Structure formats: structure tokens, C-alpha cells
file input-v8.txt (compact mmCIF, C-alpha atoms)
# COMPACT_ATOMS: atom_id res chain seq x y z
CA MET A 1319 -9.40 23.36 6.51
CA SER A 1320 -8.10 22.93 10.01
CA LEU A 1321 -8.16 19.12 9.91
CA TYR A 1322 -6.05 19.45 6.80
CA ALA A 1323 -3.44 21.35 8.83
CA VAL A 1324 -3.47 18.74 11.61
CA GLN A 1325 -2.90 16.00 9.08
CA LYS A 1326 -0.22 17.95 7.25
CA LEU A 1327 1.75 18.46 10.46
CA ILE A 1328 1.58 14.73 11.21
CA TYR A 1329 2.49 13.89 7.60
CA GLN A 1330 5.59 16.04 7.86
CA LEU A 1331 6.50 14.60 11.25
CA ASN A 1332 6.24 11.07 9.90
CA ARG A 1333 8.56 11.58 6.98
CA ASP A 1334 11.04 14.25 8.06
CA SER A 1335 13.48 13.76 10.93
CA ARG A 1336 14.10 17.54 11.11
CA VAL A 1337 10.45 18.14 11.93
CA ARG A 1338 10.66 15.46 14.61
CA GLU A 1339 13.69 17.25 16.07
CA GLN A 1340 11.70 20.45 16.24
CA LEU A 1341 8.93 18.60 18.05
CA ALA A 1342 11.48 17.48 20.63
CA HIS A 1343 13.07 20.91 21.13
CA ASP A 1344 10.50 23.55 20.14
CA PHE A 1345 7.05 21.98 20.10
CA ASP A 1346 5.22 25.29 20.42
CA GLY A 1347 7.24 26.81 17.62
CA LEU A 1348 6.36 23.86 15.43
CA LEU A 1349 2.66 24.09 16.24
CA ALA A 1350 2.68 27.84 15.53
CA GLN A 1351 3.53 27.11 11.90
CA TYR A 1352 0.14 25.53 11.30
CA GLU A 1353 -3.36 27.02 11.36
CA LEU A 1354 -4.79 25.01 14.23
CA THR A 1355 -7.70 25.47 16.60
CA GLU A 1356 -7.03 25.40 20.32
CA GLU A 1357 -8.63 21.94 20.53
CA GLU A 1358 -6.35 20.65 17.79
CA ARG A 1359 -3.25 22.19 19.33
CA ILE A 1360 -3.97 20.53 22.66
CA ALA A 1361 -4.85 17.18 21.07
CA ILE A 1362 -1.54 17.13 19.22
CA ARG A 1363 0.48 18.34 22.16
CA ASP A 1364 -0.92 16.08 24.89
CA PRO A 1365 -1.23 13.90 22.78
CA ASP A 1366 -4.90 12.91 22.79
CA ILE A 1367 -4.74 10.17 20.20
CA GLY A 1368 -8.41 9.35 20.72
CA LEU A 1369 -9.51 12.91 20.03
CA LEU A 1370 -7.31 13.11 16.94
CA TYR A 1371 -8.99 9.93 15.70
CA VAL A 1372 -12.46 11.36 16.41
CA MET A 1373 -11.50 14.57 14.59
CA GLY A 1374 -11.01 12.44 11.49
CA VAL A 1375 -7.22 12.21 11.19
CA ASN A 1376 -6.39 9.46 8.72
CA GLY A 1377 -5.15 6.35 10.53
CA GLN A 1378 -2.19 5.92 8.24
CA LEU A 1379 -0.96 9.21 9.64
CA LEU A 1380 -2.16 8.81 13.21
CA MET A 1381 -0.77 5.28 13.62
CA HIS A 1382 2.76 6.58 13.21
CA TYR A 1383 2.22 9.68 15.34
CA ALA A 1384 0.97 7.42 18.15
CA ALA A 1385 4.10 5.27 17.80
CA LEU A 1386 6.29 8.39 17.78
CA ARG A 1387 4.68 9.51 21.03
CA GLY A 1388 5.34 6.15 22.66
CA PHE A 1389 2.05 4.32 22.27
CA GLU A 1390 2.46 0.56 22.00
CA TRP A 1391 0.06 -1.16 19.59
CA ASP A 1392 -2.60 -2.17 22.12
CA ALA A 1393 -2.45 1.22 23.84
CA TYR A 1394 -2.92 2.94 20.49
CA ILE A 1395 -6.03 0.87 19.65
CA GLU A 1396 -7.40 1.46 23.14
CA ALA A 1397 -6.76 5.19 22.86
CA MET A 1398 -9.00 5.35 19.78
CA ARG A 1399 -11.74 3.42 21.59
CA GLU A 1400 -11.43 5.72 24.57
CA GLY A 1401 -11.60 8.68 22.19
CA GLU A 1402 -14.97 7.49 20.89
CA ARG A 1403 -16.26 6.98 24.43
CA ARG A 1404 -15.16 10.44 25.55
CA HIS A 1405 -15.68 12.52 22.45
CA GLY A 1406 -18.39 10.68 20.51
CA PRO A 1407 -18.31 9.21 17.01
CA VAL A 1408 -15.77 10.18 14.39
CA ARG A 1409 -16.75 13.57 13.03
CA THR A 1410 -15.57 13.41 9.44
CA GLY A 1411 -13.50 11.46 6.95
CA LEU A 1412 -13.15 7.77 6.22
CA TYR A 1413 -14.01 6.49 9.66
CA THR A 1414 -17.44 7.98 10.29
CA SER A 1415 -19.90 5.54 11.80
CA ALA A 1416 -21.78 4.85 8.60
CA GLY A 1417 -18.64 3.22 7.25
CA SER A 1418 -16.23 1.36 9.38
CA ARG A 1419 -18.46 0.74 12.39
CA SER A 1420 -21.68 -0.42 10.74
CA MET B 1150 10.76 -8.44 -23.83
CA SER B 1151 7.72 -8.48 -21.63
CA LEU B 1152 6.03 -9.00 -18.36
CA VAL B 1153 7.52 -12.20 -16.96
CA PHE B 1154 5.80 -12.39 -13.57
CA ALA B 1155 2.62 -10.97 -12.04
CA GLY B 1156 1.26 -11.46 -8.58
CA VAL B 1157 -0.20 -9.80 -5.51
CA CYS B 1158 0.62 -9.90 -1.83
CA SER B 1159 -0.28 -8.26 1.44
CA HIS B 1160 1.80 -5.45 2.91
CA ALA B 1161 0.38 -4.84 6.38
CA PRO B 1162 2.96 -3.44 8.81
CA GLY B 1163 2.05 -6.01 11.47
CA ILE B 1164 3.19 -8.85 9.21
CA VAL B 1165 6.77 -8.16 10.30
CA GLY B 1166 6.33 -5.66 13.15
CA ARG B 1167 3.97 -7.83 15.19
CA LYS B 1168 5.09 -11.24 13.96
CA ASP B 1169 5.60 -12.62 17.46
CA ARG B 1170 1.95 -12.01 18.35
CA ALA B 1171 0.40 -14.05 15.52
CA ASP B 1172 -0.66 -17.67 15.51
CA PRO B 1173 2.70 -19.23 14.59
CA VAL B 1174 1.16 -21.79 12.25
CA LEU B 1175 -0.60 -19.12 10.20
CA ARG B 1176 2.38 -16.78 10.29
CA ASP B 1177 4.80 -19.48 9.17
CA GLY B 1178 2.40 -20.50 6.42
CA LEU B 1179 2.26 -16.90 5.20
CA TYR B 1180 6.03 -16.53 5.35
CA ALA B 1181 6.45 -19.78 3.39
CA ALA B 1182 4.06 -18.45 0.75
CA TYR B 1183 6.05 -15.22 0.45
CA ASP B 1184 9.14 -17.36 -0.04
CA ARG B 1185 7.40 -19.44 -2.69
CA MET B 1186 6.48 -16.19 -4.42
CA ARG B 1187 10.09 -15.00 -4.20
CA LEU B 1188 11.36 -18.24 -5.74
CA ALA B 1189 8.79 -18.11 -8.53
CA MET B 1190 9.67 -14.52 -9.29
CA GLU B 1191 13.40 -15.31 -9.28
CA ALA B 1192 12.77 -18.25 -11.62
CA ALA B 1193 11.24 -15.76 -14.08
CA ARG B 1194 14.64 -13.94 -14.08
CA PRO B 1195 13.33 -10.38 -13.95
CA ASP B 1196 15.62 -7.42 -14.59
CA ALA B 1197 13.35 -5.17 -12.54
CA LEU B 1198 10.29 -5.30 -10.34
CA VAL B 1199 7.37 -2.91 -10.66
CA VAL B 1200 5.61 -2.68 -7.28
CA ILE B 1201 2.08 -1.34 -7.54
CA ALA B 1202 1.39 -0.09 -4.04
CA ALA B 1203 -1.18 1.84 -2.09
CA GLU B 1204 0.99 4.46 -0.52
CA HIS B 1205 0.04 5.80 2.91
CA PHE B 1206 1.16 9.44 2.92
CA ALA B 1207 4.87 8.68 2.77
CA ASN B 1208 5.33 10.95 -0.25
CA PHE B 1209 1.99 12.26 -1.36
CA PHE B 1210 -0.44 14.44 0.54
CA MET B 1211 -3.66 16.25 -0.16
CA ASN B 1212 -1.76 19.32 -1.32
CA ASN B 1213 -0.94 17.55 -4.58
CA MET B 1214 -2.26 14.00 -4.68
CA PRO B 1215 -1.67 12.03 -7.86
CA ALA B 1216 -4.26 9.42 -8.83
CA ILE B 1217 -1.37 7.29 -10.08
CA CYS B 1218 2.33 8.04 -9.80
CA MET B 1219 5.35 6.07 -11.03
CA GLY B 1220 8.84 6.39 -9.62
CA MET B 1221 11.75 7.44 -11.80
CA GLY B 1222 14.53 7.59 -9.22
CA GLU B 1223 18.13 6.35 -9.23
CA HIS B 1224 17.38 4.85 -5.85
CA TYR B 1225 14.78 4.90 -3.11
CA GLU B 1226 14.95 4.82 0.65
CA GLY B 1227 12.70 3.09 3.11
CA PRO B 1228 10.94 2.30 5.25
CA ILE B 1229 10.02 5.72 6.63
CA GLU B 1230 8.53 4.02 9.67
CA ASP B 1231 10.43 3.50 12.88
CA GLU B 1232 12.66 0.48 12.24
CA ALA B 1233 11.80 -1.26 15.50
CA TRP B 1234 8.06 -0.61 15.03
CA LEU B 1235 8.03 -2.10 11.54
CA GLY B 1236 10.73 -4.72 12.14
CA ILE B 1237 12.57 -3.73 8.96
CA LYS B 1238 15.84 -1.83 8.80
CA ARG B 1239 15.99 1.32 6.70
CA THR B 1240 17.93 0.80 3.52
CA ARG B 1241 18.57 2.13 0.04
CA VAL B 1242 16.91 0.27 -2.80
CA PRO B 1243 18.13 0.55 -6.39
CA GLY B 1244 15.95 2.08 -9.09
CA ASP B 1245 16.25 2.05 -12.87
CA PRO B 1246 15.44 5.56 -14.10
CA GLN B 1247 15.91 4.69 -17.77
CA LEU B 1248 13.47 1.81 -17.51
CA SER B 1249 11.09 3.94 -15.45
CA ARG B 1250 11.12 6.68 -18.06
CA ALA B 1251 10.51 4.26 -20.90
CA LEU B 1252 7.60 2.64 -19.08
CA ILE B 1253 6.12 5.98 -18.04
CA GLU B 1254 6.30 7.38 -21.57
CA GLU B 1255 4.60 4.31 -22.98
CA VAL B 1256 1.92 4.17 -20.28
CA MET B 1257 1.24 7.88 -20.84
CA THR B 1258 -0.03 7.18 -24.34
CA ASP B 1259 -3.10 5.67 -22.65
CA ILE B 1260 -3.15 6.91 -19.06
CA ASP B 1261 -2.31 10.27 -17.52
CA LEU B 1262 0.01 9.81 -14.59
CA ALA B 1263 2.49 11.64 -12.42
CA TYR B 1264 6.13 10.71 -11.98
CA ALA B 1265 8.53 11.20 -9.09
CA GLN B 1266 12.33 11.11 -9.06
CA GLU B 1267 12.28 11.14 -5.27
CA TRP B 1268 10.32 8.59 -3.31
CA LYS B 1269 10.40 7.17 0.18
CA PHE B 1270 9.04 3.71 0.73
CA ASP B 1271 6.62 2.97 3.55
CA HIS B 1272 5.38 -0.43 4.68
CA GLY B 1273 3.31 -0.72 1.50
CA ILE B 1274 6.48 -1.43 -0.45
CA SER B 1275 9.02 -2.20 2.29
CA VAL B 1276 7.11 -5.21 3.66
CA PRO B 1277 6.81 -6.93 0.25
CA LEU B 1278 10.47 -6.22 -0.56
CA HIS B 1279 11.54 -7.59 2.83
CA PHE B 1280 10.24 -10.96 1.65
CA LEU B 1281 10.58 -10.81 -2.14
CA THR B 1282 13.95 -9.09 -2.63
CA PRO B 1283 15.59 -9.51 0.79
CA ARG B 1284 19.03 -8.55 -0.56
CA TYR B 1285 17.58 -5.39 -2.15
CA ASP B 1286 19.49 -6.16 -5.32
CA LEU B 1287 16.67 -5.99 -7.88
CA PRO B 1288 15.90 -2.55 -9.34
CA ILE B 1289 12.46 -1.34 -8.32
CA VAL B 1290 9.97 0.82 -10.18
CA PRO B 1291 7.44 1.95 -7.57
CA VAL B 1292 3.88 2.80 -8.48
CA ASN B 1293 1.41 4.47 -6.16
CA ILE B 1294 -2.32 4.36 -6.64
CA ASN B 1295 -4.09 6.74 -4.29
CA CYS B 1296 -6.30 4.51 -2.15
CA GLN B 1297 -6.33 6.78 0.92
CA GLY B 1298 -7.54 10.27 0.19
CA PRO B 1299 -10.77 10.48 -1.83
CA PRO B 1300 -11.59 11.25 -4.54
CA LEU B 1301 -10.02 8.01 -5.76
CA ILE B 1302 -9.39 6.86 -9.29
CA PRO B 1303 -12.20 4.63 -10.66
CA LEU B 1304 -11.48 0.89 -10.74
CA LYS B 1305 -11.76 0.73 -14.52
CA ARG B 1306 -8.90 3.21 -14.79
CA CYS B 1307 -6.76 1.00 -12.56
CA TYR B 1308 -7.43 -1.93 -14.87
CA GLU B 1309 -6.57 0.26 -17.85
CA PHE B 1310 -3.36 1.32 -16.14
CA GLY B 1311 -2.45 -2.35 -15.77
CA ARG B 1312 -3.12 -2.98 -19.44
CA ALA B 1313 -1.01 0.02 -20.42
CA LEU B 1314 1.79 -1.18 -18.16
CA ARG B 1315 1.70 -4.60 -19.78
CA ARG B 1316 1.99 -2.99 -23.21
CA ALA B 1317 4.85 -0.81 -21.99
CA CYS B 1318 6.66 -3.87 -20.66
CA ALA B 1319 6.20 -5.64 -23.98
CA ALA B 1320 7.80 -2.67 -25.76
CA HIS B 1321 10.94 -2.74 -23.58
CA PRO B 1322 13.86 -5.17 -23.92
CA LYS B 1323 14.07 -5.88 -20.19
CA ARG B 1324 12.29 -8.66 -18.32
CA ILE B 1325 9.86 -7.16 -15.88
CA ALA B 1326 7.98 -8.53 -12.88
CA VAL B 1327 4.91 -6.82 -11.44
CA VAL B 1328 3.64 -7.24 -7.91
CA GLY B 1329 0.58 -5.49 -6.56
CA THR B 1330 0.34 -5.00 -2.82
CA GLY B 1331 -2.66 -4.17 -0.73
CA GLY B 1332 -5.21 -5.41 1.65
CA ILE B 1333 -8.54 -6.79 0.64
CA SER B 1334 -11.15 -6.20 3.33
CA HIS B 1335 -9.65 -4.56 6.38
CA TRP B 1336 -10.15 -1.71 8.80
CA PRO B 1337 -6.52 -0.80 9.51
CA ALA B 1338 -5.57 1.91 11.99
CA THR B 1339 -9.04 2.08 13.51
CA PRO B 1340 -10.56 0.60 16.67
CA ASP B 1341 -11.77 -2.18 14.35
CA SER B 1342 -8.24 -3.19 13.41
CA GLY B 1343 -8.27 -6.97 13.10
CA ARG B 1344 -11.78 -7.12 11.67
CA ILE B 1345 -11.69 -9.04 8.38
CA ASN B 1346 -14.57 -10.01 6.09
CA GLU B 1347 -13.31 -13.41 4.98
CA ALA B 1348 -16.28 -14.22 2.74
CA TRP B 1349 -15.87 -10.89 0.93
CA ASP B 1350 -12.16 -11.52 0.52
CA ARG B 1351 -12.62 -15.01 -0.87
CA GLU B 1352 -15.24 -13.82 -3.35
CA PHE B 1353 -12.99 -11.00 -4.51
CA LEU B 1354 -9.97 -13.29 -4.81
CA ASP B 1355 -12.02 -15.73 -6.89
CA LYS B 1356 -12.85 -12.93 -9.33
CA PHE B 1357 -9.24 -11.78 -9.28
CA ILE B 1358 -7.61 -15.12 -10.09
CA GLY B 1359 -10.30 -15.74 -12.70
CA ASN B 1360 -9.43 -12.31 -14.10
CA ARG B 1361 -13.13 -11.64 -14.54
CA ARG B 1362 -12.85 -8.03 -15.56
CA THR B 1363 -16.53 -7.13 -15.59
CA GLU B 1364 -17.07 -8.50 -12.09
CA LEU B 1365 -13.91 -6.88 -10.75
CA LEU B 1366 -14.91 -3.51 -12.12
CA ALA B 1367 -18.46 -3.80 -10.75
CA TYR B 1368 -17.34 -3.09 -7.18
CA LYS B 1369 -18.54 0.28 -5.91
CA ASP B 1370 -16.53 2.21 -3.35
CA GLU B 1371 -19.52 2.98 -1.13
CA GLN B 1372 -20.36 -0.72 -0.84
CA THR B 1373 -16.71 -1.70 -0.44
CA TRP B 1374 -16.46 0.84 2.38
CA ARG B 1375 -19.44 -0.71 4.20
CA GLU B 1376 -18.53 -4.35 3.66
CA ALA B 1377 -14.74 -4.31 3.45
CA GLY B 1378 -13.71 -1.17 5.29
CA GLN B 1379 -11.74 1.79 4.06
CA GLY B 1380 -8.81 -0.60 3.58
CA GLY B 1381 -10.86 -2.30 0.87
CA PHE B 1382 -10.14 0.65 -1.40
CA GLU B 1383 -6.74 -0.98 -1.92
CA ILE B 1384 -8.31 -3.52 -4.28
CA ARG B 1385 -7.17 -0.98 -6.85
CA THR B 1386 -3.68 -2.46 -6.74
CA PHE B 1387 -5.00 -5.98 -7.36
CA ILE B 1388 -7.18 -4.74 -10.22
CA ALA B 1389 -4.19 -3.05 -11.84
CA VAL B 1390 -2.36 -6.39 -11.74
CA ALA B 1391 -5.41 -8.10 -13.23
CA GLY B 1392 -5.23 -5.58 -16.07
CA ALA B 1393 -1.53 -6.25 -16.54
CA ALA B 1394 -2.29 -9.97 -16.71
CA GLU B 1395 -5.38 -9.61 -18.88
CA GLY B 1396 -6.18 -12.88 -20.59
CA TYR B 1397 -4.52 -14.97 -17.90
CA THR B 1398 -5.83 -16.55 -14.75
CA GLY B 1399 -4.05 -17.26 -11.51
CA GLU B 1400 -3.92 -19.13 -8.24
CA VAL B 1401 -4.22 -18.16 -4.62
CA TRP B 1402 -1.17 -19.60 -2.89
CA PHE B 1403 -2.13 -18.39 0.57
CA TYR B 1404 -5.10 -16.75 2.23
CA ALA B 1405 -5.79 -16.55 5.94
CA PRO B 1406 -7.28 -13.86 8.14
CA ILE B 1407 -4.63 -13.01 10.74
CA PRO B 1408 -6.24 -10.40 13.00
CA ILE B 1409 -3.08 -9.14 14.69
CA PHE B 1410 -1.77 -8.39 11.18
CA ALA B 1411 -5.07 -6.53 10.58
CA VAL B 1412 -5.73 -8.14 7.20
CA GLY B 1413 -6.61 -11.33 5.38
CA CYS B 1414 -3.07 -12.22 4.40
CA THR B 1415 -2.84 -13.07 0.75
CA ILE B 1416 -0.36 -14.37 -1.79
CA ALA B 1417 -1.70 -14.92 -5.31
CA VAL B 1418 0.12 -15.33 -8.60
CA MET B 1419 -1.09 -15.05 -12.16
CA ASN B 1420 -0.03 -17.88 -14.46
CA LEU B 1421 1.54 -16.12 -17.42
CA GLY B 1422 2.48 -19.45 -18.99
CA GLN B 1423 5.58 -20.30 -20.88
CA GLU B 1424 7.49 -17.45 -22.37
CA VAL B 1425 7.68 -17.46 -26.14
CA ARG B 1426 11.24 -16.83 -27.25
CA HIS B 1427 11.90 -15.32 -30.65
CA GLU B 1428 14.89 -16.25 -32.81
CA ASP B 1429 16.59 -12.98 -31.87
CA GLY B 1430 16.63 -14.16 -28.28
CA GLN B 1431 14.69 -11.13 -27.12
CA GLY B 1432 11.70 -13.15 -26.08
CA GLY B 1433 8.14 -12.04 -26.48
CA GLU B 1434 4.81 -11.88 -24.85
CA PRO B 1435 4.00 -14.80 -22.58
CA ALA B 1436 2.24 -17.58 -24.45
CA ARG B 1437 -1.53 -17.43 -24.46
call {"tool": "encode", "arguments": {"input": "input-v8.txt", "output": "C-alpha cells"}}
result
Amino acid sequence: MSLYAVQKLIYQLNRDSRVREQLAHDFDGLLAQYELTEEERIAIRDPDIGLLYVMGVNGQLLMHYAALRGFEWDAYIEAMREGERRHGPVRTGLYTSAGSRS
Amino acid sequence: MSLVFAGVCSHAPGIVGRKDRADPVLRDGLYAAYDRMRLAMEAARPDALVVIAAEHFANFFMNNMPAICMGMGEHYEGPIEDEAWLGIKRTRVPGDPQLSRALIEEVMTDIDLAYAQEWKFDHGISVPLHFLTPRYDLPIVPVNINCQGPPLIPLKRCYEFGRALRRACAAHPKRIAVVGTGGISHWPATPDSGRINEAWDREFLDKFIGNRRTELLAYKDEQTWREAGQGGFEIRTFIAVAGAAEGYTGEVWFYAPIPIFAVGCTIAVMNLGQEVRHEDGQGGEPAR
């Protein structure tokens, strides 16, 4: 259920400028509105794009969160690769190793 | 009136957002093919364009995910993406709620679907419109087929949706174009972005332009996932167009893998033939 909350936060950030404003001015207050684990909270806040990818966040959400947090295209792709090196294979969702990496 | 144009095209955000990083020969060839598609669609004199897209969480989330949704708004806004990132300025696009409602009601006699009077476009619709209706002066009826968050609608239901849409178009006095947008094989937004299974794409496109229903509907998601990536689930939009153009075949006007665009870039158009005009001037189904 927690991955759902991570993705919902990113979904709302991507489509609502008011949520983005809250990220800029009251990040902790924003995060407190979602049921997140400590690992998830840190990954979103840092941000650790690679860990978010490994957690299973859908790329159509994560791609835009990475851009919002200032990742250029190549840096975003590299962050996902680095995430796999540091945190292991994708844990759940569409990108688990049996699918996209076979 | 009826369906007067049917085709498919790619919608990848890199097509505009990363245009300066592509092989210029391939990019210019793709852009020329989009323009050819625009001219062909304009020559069909549509009153509205139905865009069958694979939305990417611009409007719909796993709290309430429709298998298929049609827009019924007065207008739409997009893209939701950062304008500089996507290379497309945010704008308002006209809708046609009366037409939407008529189409939805007719489609609903065969297919259950959701509707939405509020809808924000993402690259899945904004990239095609950037090329096909650059003045944003043609009313749009957006359609979303969930290709992102499983469980996904079976392919045969996508084909049936296309057939129902064709029938709904035939029952309405306006001239309607349909464009499906999606990738074929691709692994977008992953470390494998840029990987493209060209042989898989070409085989699929051959079945698509041949409108070989049985072969199109024989694809299985698990195999598509392994061979064509999670982006391959977007074949649903192409299959819906095949259903809308049932009985007709088409042509691929452009296909080339362009890795920095993360997809095998595609423009294909179904040949609906000469329109049959009735004495009342209302026109009819395209000639068979």
C-alpha cells in the first residue's frame, strides 16, 4: 500500500501546481499527508531517483518527478542505473527483471 | 456522416523535447511524415478529431482507473509536462461536448466506458496535436485506454471499442477523424530507454496495416512485456484504430527506431477509400 502512496504523491505533484508549491515551501508538511515509510520519505526528499525506480514507481510518474527535481535526461537514466547497482533489482511492478531487463 | 480518416502515430515526449539530439535525417523524415499525415487528415475535412491515447497518469490514477474513458469537455488543457522539457507550450484545446456525448452514448450500447468533462493532456495527446493540429483549431475528443496500470483491458475489447466508435461516427452528422497514438515496442522511462525491438515492431505493423484481426488479437501481454517492453502494452491504441477501420487496410508512411526518442517512430494511415456521398449531401460510410 505504501508504494501506492509514493506514486499518488508524485501523481499529484505532476499535475497540480499547488502541490508543487507546497513541495517548495513545506516539503515535510506535504510528506506528512501520505502514509510513507521512512525509506520512502527519504527517497522522495533527497531525491533518490534510483531508489524510487527500484521501489517500483511507474516511470511515467518518476520521469516527471526527476525533471521537477532538476535531473537532465541523461542524469535521470543514469540515476536509475545507479539505483539498480546500489539497491538491487526492481522490487515490484512493471519493471521487475523478468520483464524489461530479460 | 462517418469516419473520414484513421491513422496512428507515435507520441513519445522525446520526439519534440529531445529533437536536437536525434539523427537529423531520421528526425526530419519523421517530421515530414507527421506533416504528410496532417495534410491527409485536413484533406478529409474533419469536423473533429478523436485521439485514442495511452494516458500516463495525467488524469487517471489507481484510485479509480477506467479501462477506457472518453472526454466530454468544452475544452482541454495541456501539456501537463514542463513546457521546456517537452518542447511544447501549454495551451487550451477546443472540445465538442455535444459530439462527445453522442459518441459516448452510441459506444455505450456495446462497450462500458467512463467519461470525463475535465481532462488534462499529457505528451500522449500533446505531441500528436503539436504536429497534426498545430493551430489547435480542430475540436478534440480524447480517449484514454489504460495501458499503464494493470489489470489492463483485453485486446479484443479494444478492437470492439474501435468498432463501436466507427458505428457511433456513422450515426452522427459530423465528419470525424480518428488517430491512435502509442509506442510499439519500447521500454520508456527505464534504464533501457532507447531499446527498440525493430523486428517485433515491423511484424506488428504488418498485421496492423493488413487489419488482420485474429493475428492482432493473438498477442498476449506477458509475451509483449518480454519482447516489446511494458511500453508494448500501448498496442491497444493501434488495435482500437484497427477496429474502427475494420474491413480496410493501410500503409506505413514512416517507421524508424530513433533511440533518443525511446521508440520506433511510426506514422501509418488506413485507406478508407473514397467517401460515398448520398443525395442528401450528408455522405455515408467510406466506400468498401
call {"tool": "interface_residues", "arguments": {"input": "input-v8.txt", "of": "chain A", "to": "chain B", "cutoff": "10 Å", "atoms": "all atoms listed in the file", "output": "count of residues only"}}
result
41
call {"tool": "atom_distance", "arguments": {"input": "input-v8.txt", "atom1": "CA of Ser1320 (chain A)", "atom2": "CA of Leu1354 (chain A)"}}
result
5.8 Å
call {"tool": "closest_residue", "arguments": {"input": "input-v8.txt", "among": "B:Gly1399, B:Gly1392, B:Gly1220, B:Gly1166", "to": "His1279 (chain B)", "atoms": "all atoms listed in the file"}}
result
B:Gly1166
call {"tool": "atom_distance", "arguments": {"input": "input-v8.txt", "atom1": "CA of Gly1413 (chain B)", "atom2": "CA of Arg1284 (chain B)"}}
result
26.5 Å
call {"tool": "residues_near_point", "arguments": {"input": "input-v8.txt", "point": "(0.8, -17.5, 2.7)", "cutoff": "7 Å", "atoms": "all atoms listed in the file", "output": "MDAnalysis selection string"}}
result
chainID B and resid 1178:1183 1402:1404 1414:1416
call {"tool": "write_last_selection", "arguments": {"input": "input-v8.txt", "atoms": "C-alpha atoms", "output": "compact mmCIF listing (two decimals), in the frame of the given file"}}
result
# COMPACT_ATOMS: atom_id res chain seq x y z
CA GLY B 1178 2.40 -20.50 6.42
CA LEU B 1179 2.26 -16.90 5.20
CA TYR B 1180 6.03 -16.53 5.35
CA ALA B 1181 6.45 -19.78 3.39
CA ALA B 1182 4.06 -18.45 0.75
CA TYR B 1183 6.05 -15.22 0.45
CA TRP B 1402 -1.17 -19.60 -2.89
CA PHE B 1403 -2.13 -18.39 0.57
CA TYR B 1404 -5.10 -16.75 2.23
CA CYS B 1414 -3.07 -12.22 4.40
CA THR B 1415 -2.84 -13.07 0.75
CA ILE B 1416 -0.36 -14.37 -1.79
call {"tool": "residues_around", "arguments": {"input": "input-v8.txt", "residues": "Asp1346 (chain A)", "least_positions_apart": "4", "cutoff": "12 Å", "atoms": "all atoms listed in the file", "output": "NGL selection string"}}
result
:A and (1340-1342 or 1350-1352 or 1354 or 1359-1360 or 1362-1364)
call {"tool": "write_last_selection", "arguments": {"input": "input-v8.txt", "atoms": "C-alpha atoms", "output": "PDB file, in the coordinates of the input"}}
result
ATOM      1  CA  GLN A1340      11.700  20.450  16.240  1.00  0.00           C
ATOM      2  CA  LEU A1341       8.930  18.600  18.050  1.00  0.00           C
ATOM      3  CA  ALA A1342      11.480  17.480  20.630  1.00  0.00           C
ATOM      4  CA  ALA A1350       2.680  27.840  15.530  1.00  0.00           C
ATOM      5  CA  GLN A1351       3.530  27.110  11.900  1.00  0.00           C
ATOM      6  CA  TYR A1352       0.140  25.530  11.300  1.00  0.00           C
ATOM      7  CA  LEU A1354      -4.790  25.010  14.230  1.00  0.00           C
ATOM      8  CA  ARG A1359      -3.250  22.190  19.330  1.00  0.00           C
ATOM      9  CA  ILE A1360      -3.970  20.530  22.660  1.00  0.00           C
ATOM     10  CA  ILE A1362      -1.540  17.130  19.220  1.00  0.00           C
ATOM     11  CA  ARG A1363       0.480  18.340  22.160  1.00  0.00           C
ATOM     12  CA  ASP A1364      -0.920  16.080  24.890  1.00  0.00           C
TER      13      ASP A1364
END
call {"tool": "build_atoms", "arguments": {"input": "input-v8.txt", "residues": "region 1368-1383 of chain A", "atoms": "N, CA and C atoms", "output": "compact mmCIF listing (two decimals), in the frame of the given file"}}
result
# COMPACT_ATOMS: atom_id res chain seq x y z
N GLY A 1368 -7.00 9.64 20.92
CA GLY A 1368 -8.41 9.35 20.72
C GLY A 1368 -9.15 10.52 20.11
N LEU A 1369 -8.86 11.72 20.58
CA LEU A 1369 -9.51 12.91 20.03
C LEU A 1369 -9.06 13.15 18.59
N LEU A 1370 -7.80 12.95 18.32
CA LEU A 1370 -7.31 13.11 16.94
C LEU A 1370 -8.04 12.14 16.01
N TYR A 1371 -8.24 10.91 16.49
CA TYR A 1371 -8.99 9.93 15.70
C TYR A 1371 -10.43 10.42 15.46
N VAL A 1372 -11.07 10.89 16.52
CA VAL A 1372 -12.46 11.36 16.41
C VAL A 1372 -12.55 12.58 15.49
N MET A 1373 -11.52 13.40 15.49
CA MET A 1373 -11.50 14.57 14.59
C MET A 1373 -11.48 14.15 13.12
N GLY A 1374 -11.04 12.91 12.87
CA GLY A 1374 -11.01 12.44 11.49
C GLY A 1374 -9.63 12.32 10.88
N VAL A 1375 -8.58 12.38 11.72
CA VAL A 1375 -7.22 12.21 11.19
C VAL A 1375 -7.09 10.82 10.58
N ASN A 1376 -6.56 10.74 9.39
CA ASN A 1376 -6.39 9.46 8.72
C ASN A 1376 -5.48 8.55 9.54
N GLY A 1377 -5.89 7.29 9.69
CA GLY A 1377 -5.15 6.35 10.53
C GLY A 1377 -3.76 6.06 10.06
N GLN A 1378 -3.54 6.18 8.75
CA GLN A 1378 -2.19 5.92 8.24
C GLN A 1378 -1.22 7.02 8.65
N LEU A 1379 -1.78 8.15 9.04
CA LEU A 1379 -0.96 9.21 9.64
C LEU A 1379 -0.90 9.05 11.15
N LEU A 1380 -2.07 8.83 11.75
CA LEU A 1380 -2.16 8.81 13.21
C LEU A 1380 -1.42 7.63 13.83
N MET A 1381 -1.46 6.49 13.13
CA MET A 1381 -0.77 5.28 13.62
C MET A 1381 0.70 5.57 13.92
N HIS A 1382 1.32 6.32 13.04
CA HIS A 1382 2.76 6.58 13.21
C HIS A 1382 3.01 7.69 14.23
N TYR A 1383 2.06 8.64 14.32
CA TYR A 1383 2.22 9.68 15.34
C TYR A 1383 2.08 9.05 16.73
